[in-house]
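Data block below; observations after.
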Amino acid sequence: MLRVHFTTEDLLRVRIAERPEPLLEMVLALEMLGRADIPPALAGWQRRLRRTLPPAARPLLQLVSPTGAGPQFLDPPAPGLDAGLDTIMATPRAYVRHELRRVCGIDRPVTAWTRDLADLERDAWQVLARSVRAAYGAVIDTSWHTVRAGFHAETTWRSRQLARHGLLPTLTGLAPGITWRGTTLEVASDRELGIRLTGRGLELRPSFFWAGPPLFTDRPGEPVTLIYPAPTLLPLLEPPGPDPLTPLLGRTRADVLRRLVQRHSTTTLADGLGISVASASMHAKALREAGLVVTRREGKTAWHQCSGLGLDLLGDRPATV
């Protein structure tokens with residue numbers, strides 16, 4: 001059993017991730033290659049990736065585990081490959097050694113390459129960089145647009161569930177085998193493990209490649225992340241099709257509505273879309289008059305966000321921003 005211990009402060013700091021993390025999805029996809037209990041929806045995808053994964057990417061299979069217990073320095077939060085790879089290459093030696101000891105203690109082999117990684121040997125880390133680039137190209141570059149669309153559809157729905165039904169059914173509904181006991185979240189697991197949030201809170205993050213049990217990342221000083229398998233896995237996601245909102249609302253106004261899935265001030269809305277503040281205010285007003293957006297003032301700042309009707313109109317399409 002895996003137990004996550006909440007304080008009152010942690011219960012107030014449960015949040016849903018704002019955007020998908022490409023390096024995390026890449027690592028989870030590689031970890032799924034080694035699983036035997038693959039869901040039918042992923043079986044064809046698994047066979048294809050096993051066959052087509054470039055040789056340059058295969059050293060990573062020495063590090064990632066089908067249990068989901070890969071080294072956490074491989075999937076730092078980053079918007080893309082270059083920023084993420086810079087973070088990976090700057091990982092402190094002590095943390096590299098700690099993470100390699102941890103994964104090798106679970107089921108990863110101790111090889112000459114992993115020993116050289118632990119010793120920060122330059123050639124070993126160049127192999128790692130090439131492997132990450134090759135795996136990213138094979139896994140993420142070919143599917144990212146679809147993953148991003150699915151992510152925003154899932155998190156928009158999950159946010160509404162949290163607002164309407166509360167924390168308990170939202171968390172217990174993420175995957176089978178999740179229950180509450182007092183202020184402790186219990187997750188069915190073959191391992192005995194306890195995680196204390198100690199005021200850091202919990203972030204909920206869906207994955208469209210991972211189909212195993214819920215996973216947790218616990219980095220010092222950061223919110224703990226609960227990674228759960230999305231209800232619709234990658235092969236079942238429909239690629240984003242032609243956008244029906246643009247003919248209905250106009251391109252800019254449709255983009256404003258999508259962006260307002262998250263709360264924005266008039267200024268940040270304008271900055272994000274590259275339009276003037278006056279134009280952002282005008283579009284927000286038009287959407288508000290149509291019942292698609294709500295606006296609240298805090299001092300001199302107007303904050304805008306989609307209404308329930310606006311979210312219903314967006315359906316699974318907020319990701320195109």
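Identifiers in this document derive from the order of the structure tokens: chains are assigned A, B, ..., residues are numbered from 1 separately in each chain, and ligands are numbered from 1 in order of occurrence.
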*Looking only at the backbone, which of the residues in range 72-284 of chain A does DSSP tag as strand (DSSP E or B), as number ranges by chain?*
A: 178-181, 184-187, 193-196, 202-207, 215-217, 224-229, 264-265
*Would you list the contacts of Leu162 in chain A as a ChimeraX atom specification, taking every protein, DNA or RNA residue within 12 Å and counting only C-alpha atoms, but skipping same-chain residues closer than 3 positions in sequence?*
/A:14-16,155-159,165-174,204
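Near range 62-76 of chain A, within 6 Å and counting only C-alpha atoms, sit Leu23, Leu24, Glu31, Met32, Gly34, Arg35, Pro59, Ile88 and Glu99 of chain A, not including residues fewer than 3 positions from it in the same chain.
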*Within 9 Å of range 41-52 of chain A, counting only C-alpha atoms, which residues qualify if same-chain residues fewer than 2 places away don't, as a ChimeraX atom specification?*
/A:29-30,32-33,38-39,54-55,138-139,209,211,233-236
*Got a sec: who's within 6 Å of Met1 in chain A, counting only C-alpha atoms, leaving out chain neighbours fewer than 3 positions off, as a PyMOL selection string?*
chain A and resi 187-189+191-192
_Contacts of range 290-301 of chain A at 12 Å (only C-alpha atoms; same-chain gap of 5+ positions) as a list in words_ = Leu249, Arg253, Ala254, Val256, Leu257, Arg258, Arg259, Leu260, Val261, Gln262, Arg263, His264, Ser265, Thr266, Thr267, Thr268, Ser281, His283, Ala284, Lys285, Cys306, Ser307, Gly308, Leu309, Gly310, Leu311, Asp312, Leu313 and Leu314 of chain A
*Name the residues of range 52-119 of chain A that fall into helix (DSSP H, G or I) according to DSSP on the backbone, using the chain letters and numbers of this document, as a ChimeraX atom specification.*
/A:52,55-62,72-74,81-89,93-106,112-118
_CA of Arg93 in chain A to CA of Leu197 in chain A, distance in Å rounded to a single decimal_ = 25.6 Å
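For the choices A:Pro79, A:Gly137, A:Gly84, A:Pro176, the atom-to-atom distance to Leu53 in chain A is smallest for A:Gly137 when using only C-alpha atoms.
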*Considering only C-alpha atoms, return as a VMD selection string whatever protein or nucleic-acid residues lie within 7 Å of Val147 in chain A, sequence-local ones (same chain, fewer than 4 positions apart) excluded.*
chain A and resid 143 151 208 234
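Here the question is which of A:Ser276, A:Glu121, A:Leu226, A:Gly212 gets nearest to Leu28 in chain A using only C-alpha atoms, and that residue is A:Gly212.
CA of Gln126 in chain A to CA of Leu215 in chain A spans 28.8 Å [interatomic distance, one decimal].
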